[in-house]
Amino acid sequence: MERVSGLLSWTLSRVLWLSRLFERGAARQPRIMEEKALEVYDLIRTIRDPEKPNTLEELEVVTESSVEVEEINEEDYLVIIRFTPTVPHCSLATLIGLCLRVKLQRCLPFKHKLEIYISEGTHSTEEDINKQINDKERVAAAMENPNLREIVEQCVLEPD
């Protein structure tokens, strides 16, 4: 009986020890996602508005809280961005979404899947725009247009 009790005690202590290790790893996970979200935000905050001399950060089109990163697996991440156009009928919302996509596709140092949305209720045609900026074929076609490509390049150009 003492052997069983000793074995049970040892097993229980191992389980508790391992669970604390697991908890520490789980607690680390949100911090890693926050760091990745800040990394994404640092890349997009300097994108220039297509009409104004301001950045998307200055116009509060993007904020730290508008970026979310989720782990898909050990090496892949889902990056979700929700941006807020300056007015509900902003004609350049699609272009802003395109700029966000291009900048992140070029600059993100980790493997990712990217989803970009207009913040719910902030644009009159948000559903249509969300479909456009998350459709690879439409994005590729838009970037084949030399005039559109030039505007995107000017917007995503890093400030001096």
# chains A, B, ... in the order shown; residues from 1 in each chain; ligands from 1
>>> closest_atom_pairs(of="region 96-125 of chain A", to="region 68-86 of chain A", cutoff="8 Å", atoms="only C-alpha atoms", output="JSON lines")
{"residue": "A:Phe110", "atom": "CA", "partner": "A:Asp76", "partner_atom": "CA", "distance": 7.3}
{"residue": "A:Lys111", "atom": "CA", "partner": "A:Asp76", "partner_atom": "CA", "distance": 5.0}
{"residue": "A:His112", "atom": "CA", "partner": "A:Tyr77", "partner_atom": "CA", "distance": 4.6}
{"residue": "A:Lys113", "atom": "CA", "partner": "A:Leu78", "partner_atom": "CA", "distance": 4.8}
{"residue": "A:Leu114", "atom": "CA", "partner": "A:Val79", "partner_atom": "CA", "distance": 4.9}
{"residue": "A:Glu115", "atom": "CA", "partner": "A:Ile80", "partner_atom": "CA", "distance": 4.8}
{"residue": "A:Ile116", "atom": "CA", "partner": "A:Ile81", "partner_atom": "CA", "distance": 4.8}
{"residue": "A:Tyr117", "atom": "CA", "partner": "A:Arg82", "partner_atom": "CA", "distance": 4.8}
{"residue": "A:Ile118", "atom": "CA", "partner": "A:Phe83", "partner_atom": "CA", "distance": 5.0}
{"residue": "A:Ser119", "atom": "CA", "partner": "A:Arg82", "partner_atom": "CA", "distance": 5.0}
{"residue": "A:Thr122", "atom": "CA", "partner": "A:Thr84", "partner_atom": "CA", "distance": 6.3}
{"residue": "A:His123", "atom": "CA", "partner": "A:Pro85", "partner_atom": "CA", "distance": 7.0}
>>> write_last_selection(atoms="N, CA and C atoms", output="compact mmCIF listing (two decimals), in the first residue's frame")
# COMPACT_ATOMS: atom_id res chain seq x y z
N PHE A 110 7.29 36.82 -41.50
CA PHE A 110 6.85 35.47 -41.14
C PHE A 110 5.75 35.01 -42.10
N LYS A 111 5.59 33.68 -42.19
CA LYS A 111 4.57 33.12 -43.08
C LYS A 111 3.20 33.49 -42.54
N HIS A 112 2.32 33.89 -43.44
CA HIS A 112 1.02 34.39 -42.98
C HIS A 112 -0.07 34.23 -44.03
N LYS A 113 -1.28 34.23 -43.54
CA LYS A 113 -2.48 34.37 -44.36
C LYS A 113 -3.04 35.73 -43.95
N LEU A 114 -3.48 36.48 -44.91
CA LEU A 114 -3.87 37.85 -44.64
C LEU A 114 -5.35 38.07 -44.95
N GLU A 115 -6.07 38.65 -44.00
CA GLU A 115 -7.46 39.03 -44.19
C GLU A 115 -7.59 40.50 -43.83
N ILE A 116 -8.13 41.27 -44.76
CA ILE A 116 -8.29 42.71 -44.54
C ILE A 116 -9.77 43.05 -44.71
N TYR A 117 -10.28 43.78 -43.74
CA TYR A 117 -11.70 44.15 -43.74
C TYR A 117 -11.87 45.61 -43.37
N ILE A 118 -12.94 46.18 -43.84
CA ILE A 118 -13.36 47.49 -43.36
C ILE A 118 -14.09 47.23 -42.04
N SER A 119 -13.82 48.05 -41.04
CA SER A 119 -14.50 47.90 -39.76
C SER A 119 -16.00 47.93 -39.99
N THR A 122 -18.71 50.99 -40.95
CA THR A 122 -18.02 52.26 -41.18
C THR A 122 -17.96 52.68 -42.65
N HIS A 123 -18.56 51.87 -43.54
CA HIS A 123 -18.57 52.23 -44.95
C HIS A 123 -19.86 51.74 -45.60
>>> residues_around(residues="Leu92 (chain A)", least_positions_apart="5", cutoff="9 Å", atoms="only C-alpha atoms", output="CSV table (one decimal) with N, CA and C atoms, in the first residue's frame")
chain,number,residue,atom,x,y,z
A,49,ASP,N,-2.1,58.1,-47.0
A,49,ASP,CA,-3.4,58.1,-47.5
A,49,ASP,C,-3.3,58.5,-49.0
A,50,PRO,N,-4.0,57.9,-49.9
A,50,PRO,CA,-3.9,58.3,-51.3
A,50,PRO,C,-4.3,59.7,-51.6
A,51,GLU,N,-5.1,60.4,-50.8
A,51,GLU,CA,-5.5,61.8,-51.1
A,51,GLU,C,-4.8,62.8,-50.3
A,85,PRO,N,-12.3,53.7,-42.8
A,85,PRO,CA,-12.2,54.8,-43.7
A,85,PRO,C,-12.6,56.1,-42.9
A,97,GLY,N,-7.2,49.4,-48.8
A,97,GLY,CA,-7.1,48.0,-48.6
A,97,GLY,C,-6.0,47.3,-49.4
>>> residues_around(residues="Leu104 (chain A)", least_positions_apart="2", cutoff="10 Å", atoms="only C-alpha atoms", output="JSON, numbers by chain")
{"A": [40, 41, 43, 44, 79, 99, 100, 101, 102, 106, 107, 108, 109, 112, 114, 156]}
>>> closest_residue(among="A:Ile129, A:Ser65, A:Glu150, A:Met33", to="Arg45 (chain A)", atoms="only C-alpha atoms")
A:Ser65
>>> select_by_dssp(residues="region 14-129 of chain A", states="helix (DSSP H, G or I)", output="ChimeraX atom specification")
/A:14-44,64-66,93-107,126-129
>>> atom_distance(atom1="CA of Pro88 (chain A)", atom2="CA of Glu34 (chain A)")
29.3 Å
>>> select_by_dssp(residues="region 21-141 of chain A", states="strand (DSSP E or B)", output="list in words")
Arg48, Thr55, Val67, Glu68, Val69, Glu70, Glu71, Asp76, Tyr77, Leu78, Val79, Ile80, Ile81, Arg82, Phe83, Lys111, His112, Lys113, Leu114, Glu115, Ile116, Tyr117 and Ile118 of chain A
>>> closest_residue(among="A:Asn147, A:Glu58, A:Val67, A:Thr125", to="His89 (chain A)", atoms="only C-alpha atoms")
A:Thr125
>>> closest_residue(among="A:Glu57, A:Glu158, A:Ile96, A:Ile151", to="Gln132 (chain A)", atoms="only C-alpha atoms")
A:Ile96
>>> closest_residue(among="A:Met143, A:Ala93, A:Arg48, A:Glu64", to="Glu35 (chain A)", atoms="only C-alpha atoms")
A:Glu64
